[in-house]
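Dumped data.pdb below, it's PDB, C-alpha atoms:
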```pdb
MODEL        1
ATOM      1  CA  MET X 194     -36.902 -11.013 -12.626
ATOM      2  CA  ALA X 195     -33.257 -11.253 -11.512
ATOM      3  CA  ALA X 196     -31.304 -14.307 -12.629
ATOM      4  CA  GLN X 197     -30.544 -16.908  -9.984
ATOM      5  CA  VAL X 198     -27.035 -16.775  -8.575
ATOM      6  CA  LYS X 199     -24.976 -19.941  -9.046
ATOM      7  CA  VAL X 200     -22.683 -20.863  -6.152
ATOM      8  CA  ALA X 201     -19.900 -23.446  -6.079
ATOM      9  CA  VAL X 202     -18.694 -24.463  -2.607
ATOM     10  CA  ILE X 203     -15.362 -26.204  -3.158
ATOM     11  CA  TYR X 204     -13.535 -27.666  -0.181
ATOM     12  CA  TYR X 205     -10.943 -30.057   1.150
ATOM     13  CA  SER X 206     -11.466 -31.918   4.404
ATOM     14  CA  ALA X 207      -9.522 -34.833   5.877
ATOM     15  CA  THR X 208     -11.603 -35.804   8.900
ATOM     16  CA  GLY X 209     -14.807 -33.844   8.285
ATOM     17  CA  ILE X 210     -14.396 -30.547  10.129
ATOM     18  CA  THR X 211     -14.125 -28.382   7.026
ATOM     19  CA  TYR X 212     -16.776 -30.524   5.349
ATOM     20  CA  GLN X 213     -19.277 -29.567   8.043
ATOM     21  CA  MET X 214     -18.520 -25.915   7.395
ATOM     22  CA  ALA X 215     -18.960 -26.506   3.658
ATOM     23  CA  GLN X 216     -22.395 -27.975   4.336
ATOM     24  CA  ALA X 217     -23.324 -24.879   6.352
ATOM     25  CA  ALA X 218     -22.177 -22.656   3.490
ATOM     26  CA  CYS X 219     -24.298 -24.623   1.026
ATOM     27  CA  GLU X 220     -27.357 -24.478   3.248
ATOM     28  CA  ALA X 221     -27.052 -20.741   3.778
ATOM     29  CA  ALA X 222     -26.456 -20.052   0.090
ATOM     30  CA  GLY X 223     -29.513 -22.123  -0.773
ATOM     31  CA  GLU X 224     -31.610 -20.257   1.774
ATOM     32  CA  ALA X 225     -30.442 -17.022   0.146
ATOM     33  CA  GLY X 226     -31.915 -18.239  -3.140
ATOM     34  CA  ALA X 227     -28.837 -19.568  -4.916
ATOM     35  CA  ASP X 228     -28.386 -22.644  -7.053
ATOM     36  CA  VAL X 229     -25.625 -24.493  -5.195
ATOM     37  CA  ARG X 230     -23.012 -27.108  -6.060
ATOM     38  CA  LEU X 231     -20.966 -28.819  -3.336
ATOM     39  CA  ARG X 232     -17.656 -30.157  -4.596
ATOM     40  CA  LYS X 233     -14.673 -31.755  -2.877
ATOM     41  CA  VAL X 234     -11.195 -31.560  -4.355
ATOM     42  CA  ARG X 235      -9.269 -34.705  -5.211
ATOM     43  CA  GLU X 236      -7.400 -36.416  -2.400
ATOM     44  CA  LEU X 237      -3.637 -36.584  -2.881
ATOM     45  CA  ALA X 238      -2.591 -38.489   0.230
ATOM     46  CA  PRO X 239      -1.661 -42.168  -0.183
ATOM     47  CA  ASP X 240      -4.132 -44.820   0.929
ATOM     48  CA  GLU X 241      -1.749 -45.993   3.670
ATOM     49  CA  ALA X 242      -1.782 -42.565   5.301
ATOM     50  CA  ILE X 243      -5.568 -42.362   5.167
ATOM     51  CA  ARG X 244      -6.050 -45.851   6.557
ATOM     52  CA  SER X 245      -3.702 -45.064   9.430
ATOM     53  CA  ASN X 246      -6.189 -42.480  10.751
ATOM     54  CA  SER X 247      -9.642 -43.886  11.534
ATOM     55  CA  GLY X 248     -11.290 -40.485  11.298
ATOM     56  CA  TRP X 249      -9.728 -39.802   7.912
ATOM     57  CA  GLU X 250     -10.762 -43.181   6.554
ATOM     58  CA  ALA X 251     -14.308 -42.834   7.923
ATOM     59  CA  HIS X 252     -14.713 -39.390   6.390
ATOM     60  CA  ARG X 253     -13.490 -40.592   3.012
ATOM     61  CA  LEU X 254     -16.203 -43.249   3.043
ATOM     62  CA  GLU X 255     -18.809 -40.763   4.294
ATOM     63  CA  THR X 256     -18.201 -38.413   1.367
ATOM     64  CA  GLN X 257     -17.419 -40.902  -1.388
ATOM     65  CA  ASP X 258     -20.532 -39.875  -3.323
ATOM     66  CA  ILE X 259     -19.709 -36.158  -3.416
ATOM     67  CA  ASP X 260     -18.495 -35.132  -6.854
ATOM     68  CA  GLU X 261     -14.913 -33.951  -7.237
ATOM     69  CA  ALA X 262     -14.369 -30.362  -8.298
ATOM     70  CA  GLN X 263     -13.677 -29.683 -11.955
ATOM     71  CA  PRO X 264     -12.681 -26.464 -13.726
ATOM     72  CA  ASP X 265     -16.197 -26.411 -15.184
ATOM     73  CA  ASP X 266     -17.548 -25.733 -11.693
ATOM     74  CA  LEU X 267     -15.663 -22.436 -11.701
ATOM     75  CA  SER X 268     -16.893 -21.548 -15.190
ATOM     76  CA  TRP X 269     -20.459 -22.297 -14.155
ATOM     77  CA  ALA X 270     -20.465 -20.330 -10.905
ATOM     78  CA  ASP X 271     -21.108 -16.667 -10.253
ATOM     79  CA  VAL X 272     -19.881 -17.117  -6.683
ATOM     80  CA  VAL X 273     -17.156 -19.479  -5.495
ATOM     81  CA  ILE X 274     -16.563 -20.247  -1.820
ATOM     82  CA  PHE X 275     -13.448 -22.239  -0.964
ATOM     83  CA  GLY X 276     -12.888 -24.116   2.282
ATOM     84  CA  SER X 277      -9.653 -25.626   3.533
ATOM     85  CA  PRO X 278      -7.970 -26.616   6.763
ATOM     86  CA  THR X 279      -4.742 -24.795   7.486
ATOM     87  CA  ARG X 280      -1.402 -26.312   6.551
ATOM     88  CA  TYR X 281       1.367 -24.172   8.045
ATOM     89  CA  GLY X 282      -0.717 -21.047   7.534
ATOM     90  CA  LEU X 283      -1.577 -21.951   3.929
ATOM     91  CA  VAL X 284      -4.369 -23.884   2.252
ATOM     92  CA  ALA X 285      -4.062 -27.658   2.038
ATOM     93  CA  ALA X 286      -2.057 -29.069  -0.871
ATOM     94  CA  GLN X 287      -5.177 -30.782  -2.185
ATOM     95  CA  LEU X 288      -6.980 -27.468  -2.684
ATOM     96  CA  LYS X 289      -3.861 -25.790  -4.037
ATOM     97  CA  GLN X 290      -3.457 -28.575  -6.591
ATOM     98  CA  PHE X 291      -6.985 -27.910  -7.852
ATOM     99  CA  ILE X 292      -6.303 -24.174  -8.020
ATOM    100  CA  ASP X 293      -3.170 -24.908 -10.026
ATOM    101  CA  THR X 294      -5.287 -26.547 -12.754
ATOM    102  CA  THR X 295      -7.154 -23.305 -13.457
ATOM    103  CA  GLY X 296      -4.508 -21.717 -15.678
ATOM    104  CA  PRO X 297      -6.457 -22.138 -18.936
ATOM    105  CA  LEU X 298      -9.559 -20.502 -17.438
ATOM    106  CA  TRP X 299      -7.468 -17.684 -15.985
ATOM    107  CA  ALA X 300      -5.792 -17.105 -19.364
ATOM    108  CA  GLN X 301      -9.232 -16.757 -20.973
ATOM    109  CA  GLY X 302     -10.364 -14.263 -18.346
ATOM    110  CA  ALA X 303     -13.089 -16.713 -17.331
ATOM    111  CA  LEU X 304     -12.373 -16.372 -13.597
ATOM    112  CA  ALA X 305     -12.631 -12.583 -13.474
ATOM    113  CA  ASN X 306     -15.607 -10.604 -12.198
ATOM    114  CA  LYS X 307     -16.887 -13.386  -9.975
ATOM    115  CA  VAL X 308     -17.387 -13.192  -6.215
ATOM    116  CA  TYR X 309     -15.019 -15.256  -4.066
ATOM    117  CA  SER X 310     -14.921 -16.014  -0.365
ATOM    118  CA  GLY X 311     -13.483 -18.613   1.995
ATOM    119  CA  PHE X 312     -13.490 -20.448   5.308
ATOM    120  CA  THR X 313     -10.913 -22.458   7.215
ATOM    121  CA  SER X 314     -10.223 -24.570  10.287
ATOM    122  CA  THR X 315      -7.138 -25.133  12.403
ATOM    123  CA  ALA X 316      -6.065 -27.689  14.973
ATOM    124  CA  THR X 317      -5.091 -25.047  17.532
ATOM    125  CA  HIS X 318      -6.311 -21.630  18.593
ATOM    126  CA  HIS X 319      -5.366 -19.064  15.913
ATOM    127  CA  GLY X 320      -3.065 -21.624  14.228
ATOM    128  CA  GLY X 321      -2.865 -19.680  10.955
ATOM    129  CA  GLN X 322      -6.546 -19.019  10.346
ATOM    130  CA  GLU X 323      -6.147 -15.463   9.090
ATOM    131  CA  SER X 324      -2.992 -16.159   7.089
ATOM    132  CA  THR X 325      -4.672 -19.101   5.364
ATOM    133  CA  LEU X 326      -7.586 -16.953   4.252
ATOM    134  CA  LEU X 327      -5.322 -14.115   3.162
ATOM    135  CA  SER X 328      -3.139 -16.506   1.150
ATOM    136  CA  LEU X 329      -6.290 -17.823  -0.537
ATOM    137  CA  PHE X 330      -7.348 -14.273  -1.365
ATOM    138  CA  HIS X 331      -4.078 -13.747  -3.227
ATOM    139  CA  VAL X 332      -5.364 -16.243  -5.780
ATOM    140  CA  PHE X 333      -8.564 -14.257  -6.206
ATOM    141  CA  TYR X 334      -6.626 -11.061  -6.796
ATOM    142  CA  HIS X 335      -4.733 -12.758  -9.630
ATOM    143  CA  TRP X 336      -8.014 -13.962 -11.098
ATOM    144  CA  GLY X 337      -9.552 -10.491 -11.048
ATOM    145  CA  GLY X 338     -12.235 -11.609  -8.614
ATOM    146  CA  ILE X 339     -14.267  -9.667  -6.086
ATOM    147  CA  VAL X 340     -13.426 -10.783  -2.547
ATOM    148  CA  VAL X 341     -16.344 -10.755  -0.111
ATOM    149  CA  THR X 342     -15.777 -11.328   3.593
ATOM    150  CA  PRO X 343     -18.119 -11.397   6.598
ATOM    151  CA  GLY X 344     -16.342  -8.387   8.103
ATOM    152  CA  TYR X 345     -18.068  -7.109  11.214
ATOM    153  CA  THR X 346     -21.404  -6.789   9.468
ATOM    154  CA  ASP X 347     -23.353  -8.731  12.083
ATOM    155  CA  PRO X 348     -23.190  -8.723  15.901
ATOM    156  CA  SER X 349     -22.245 -12.412  15.821
ATOM    157  CA  GLN X 350     -18.944 -11.449  14.229
ATOM    158  CA  PHE X 351     -17.826  -9.799  17.438
ATOM    159  CA  VAL X 352     -18.073 -13.278  18.964
ATOM    160  CA  SER X 353     -16.379 -15.219  16.181
ATOM    161  CA  GLY X 354     -13.794 -12.462  15.834
ATOM    162  CA  ASN X 355     -12.525 -13.163  12.310
ATOM    163  CA  PRO X 356     -13.487 -10.521   9.719
ATOM    164  CA  TYR X 357     -11.601 -12.296   6.912
ATOM    165  CA  GLY X 358     -13.857 -15.353   6.720
ATOM    166  CA  ALA X 359     -15.363 -18.099   8.821
ATOM    167  CA  SER X 360     -12.915 -20.108  10.918
ATOM    168  CA  HIS X 361     -12.942 -22.802  13.570
ATOM    169  CA  THR X 362     -10.524 -24.350  16.043
ATOM    170  CA  SER X 363     -10.953 -28.134  16.022
ATOM    171  CA  ASN X 364      -8.520 -29.122  18.794
ATOM    172  CA  ASN X 365      -6.805 -31.596  16.487
ATOM    173  CA  GLY X 366     -10.079 -32.721  14.991
ATOM    174  CA  GLU X 367     -11.747 -33.451  18.317
ATOM    175  CA  THR X 368     -14.163 -30.495  18.324
ATOM    176  CA  ALA X 369     -16.808 -30.165  15.618
ATOM    177  CA  PRO X 370     -17.745 -26.684  14.393
ATOM    178  CA  ASP X 371     -19.975 -25.022  16.979
ATOM    179  CA  HIS X 372     -22.845 -22.606  16.428
ATOM    180  CA  VAL X 373     -20.420 -19.671  16.333
ATOM    181  CA  ALA X 374     -18.316 -21.146  13.520
ATOM    182  CA  LEU X 375     -21.355 -22.352  11.600
ATOM    183  CA  ALA X 376     -23.072 -18.962  11.949
ATOM    184  CA  ALA X 377     -19.942 -17.248  10.639
ATOM    185  CA  THR X 378     -19.855 -19.672   7.707
ATOM    186  CA  ALA X 379     -23.519 -19.004   6.962
ATOM    187  CA  LEU X 380     -22.967 -15.237   7.121
ATOM    188  CA  THR X 381     -19.988 -15.541   4.783
ATOM    189  CA  ALA X 382     -22.068 -17.482   2.263
ATOM    190  CA  LYS X 383     -25.100 -15.190   2.494
ATOM    191  CA  ARG X 384     -22.996 -12.081   1.959
ATOM    192  CA  ALA X 385     -21.274 -13.691  -1.009
ATOM    193  CA  VAL X 386     -24.675 -14.495  -2.546
ATOM    194  CA  GLN X 387     -26.022 -11.007  -1.876
ATOM    195  CA  ILE X 388     -23.041  -9.285  -3.465
ATOM    196  CA  GLY X 389     -22.968 -11.844  -6.250
ATOM    197  CA  ALA X 390     -26.629 -11.148  -7.035
ATOM    198  CA  ALA X 391     -26.059  -7.396  -7.096
ATOM    199  CA  LEU X 392     -23.016  -7.813  -9.324
ATOM    200  CA  LYS X 393     -24.814 -10.155 -11.709
ATOM    201  CA  GLN X 394     -27.760  -7.790 -11.936
ATOM    202  CA  GLY X 395     -25.456  -4.857 -12.555
ATOM    203  CA  LEU X 396     -23.519  -6.620 -15.290
ATOM    204  CA  THR X 397     -26.590  -7.948 -17.106
ATOM    205  CA  GLY X 398     -29.240  -5.387 -16.197
TER     206      GLY X 398
ENDMDL
END
```
Once more with this new file: its structure as structure tokens, please.
Amino acid sequence: MAAQVKVAVIYYSATGITYQMAQAACEAAGEAGADVRLRKVRELAPDEAIRSNSGWEAHRLETQDIDEAQPDDLSWADVVIFGSPTRYGLVAAQLKQFIDTTGPLWAQGALANKVYSGFTSTATHHGGQESTLLSLFHVFYHWGGIVVTPGYTDPSQFVSGNPYGASHTSNNGETAPDHVALAATALTAKRAVQIGAALKQGLTG
């Protein structure tokens, strides 16, 4: 019997848009048979900034019980799916700060030969969605990871239109992820699990 694939979904979300996509990724990975961990990265913004935005403050309270990501989550996982809103076409500083703590694991080769994927959201149409995902993939290349994307492997992808990973336009946080964005996130997660399972079987079989 094949070993169960372990999936870590690690995300940053200020007002909850990317969090909703992270939940969809977790649900899809679980449906695909994986053991799933949902982890948020540590917030770096000062309390005054968070309190000045009611949506930001509400989301912080909503997710206060979700565990913060630790390097051990990367060691544990066979598949890692990162989610981040776009910041000038790059991932959010909060996620980048977490990535920057992974040097010891990278030096040990502990991040290689895992499957990696990602999803993102932007305030405006396009808004850096593809560049954010591609910049995230650069990290995976350095780690020696296997990047898995949704591509155009399902008819729904010709609607969502982003072969690099799931993405959503939130209209400055006013529009929650719709069925198109959530379906793309689910497809991304399912493909990552499928390839992760095949890789794990091939390495241990």
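Of note, CA of Ala227 (chain X) and CA of Thr368 (chain X) are spaced 29.6 Å apart.
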From the list X:Ala316, X:Gln387, X:Ile292, X:Ala218, which residue is nearest Gly358 (chain X) when using only C-alpha atoms?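 Smallest separation from Gly358 (chain X) among the options: X:Ala218.
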Just checking: using all atoms listed in the file, which residue out of X:Ala285, X:Val229, X:Val273, X:Gly344 ends up closest to Gln197 (chain X)?
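When distances to Gln197 (chain X) are compared using all atoms listed in the file, the smallest one comes from X:Val229.
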One decimal place gives the CA of Asp271 (chain X)-CA of Thr294 (chain X) separation as 18.8 Å
Nearby residues (only C-alpha atoms) at most 8 Å from region 232-240 of chain X, same-chain spacing under 5 positions excluded, as a PyMOL selection string = chain X and resi 201-206+259-262+286-288+291
note - CA of Leu326 (chain X) and CA of Gly311 (chain X) are separated by 6.5 Å
* Of the candidates X:Gly320, X:Gly226, X:Pro297, X:Pro264, which one gets nearest to His361 (chain X) if we count all atoms listed in the file? ->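 Using all atoms listed in the file, the shortest distance to His361 (chain X) belongs to X:Gly320.
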Could you list, as a compact mmCIF listing (two decimals) with C-alpha atoms, in the frame of the given file, every residue matched by the PyMOL selection byres ((chain X and resi 383-386) around 7) in this structure?
```txt
# COMPACT_ATOMS: atom_id res chain seq x y z
CA VAL X 198 -27.04 -16.77 -8.57
CA ALA X 221 -27.05 -20.74 3.78
CA ALA X 222 -26.46 -20.05 0.09
CA ALA X 225 -30.44 -17.02 0.15
CA ALA X 227 -28.84 -19.57 -4.92
CA VAL X 272 -19.88 -17.12 -6.68
CA VAL X 308 -17.39 -13.19 -6.22
CA SER X 310 -14.92 -16.01 -0.36
CA VAL X 341 -16.34 -10.76 -0.11
CA PRO X 343 -18.12 -11.40 6.60
CA ALA X 379 -23.52 -19.00 6.96
CA LEU X 380 -22.97 -15.24 7.12
CA THR X 381 -19.99 -15.54 4.78
CA ALA X 382 -22.07 -17.48 2.26
CA GLN X 387 -26.02 -11.01 -1.88
CA ILE X 388 -23.04 -9.28 -3.46
CA GLY X 389 -22.97 -11.84 -6.25
CA ALA X 390 -26.63 -11.15 -7.04
```
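Taking all atoms listed in the file into account, Thr208 (chain X) lies nearest to X:Glu250 out of the set X:Asp228, X:Glu241, X:Glu220, X:Glu250.
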message = I need the residue nearest Trp336 (chain X) from this list: X:Gln213, X:Thr378, X:Gln301, X:Thr256. Use all atoms listed in the file for the distance.
response =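 The answer is X:Gln301, which sits nearest to Trp336 (chain X).
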Could you name the residues that touch Leu304 (chain X) at 9 Å or less, counting only C-alpha atoms, but leaving out those on the same chain fewer than 6 positions away, as a list in words?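 The neighbour list is Leu267, Ser268, Thr295, Leu298, Phe333, Trp336, Gly337 and Gly338 of chain X.
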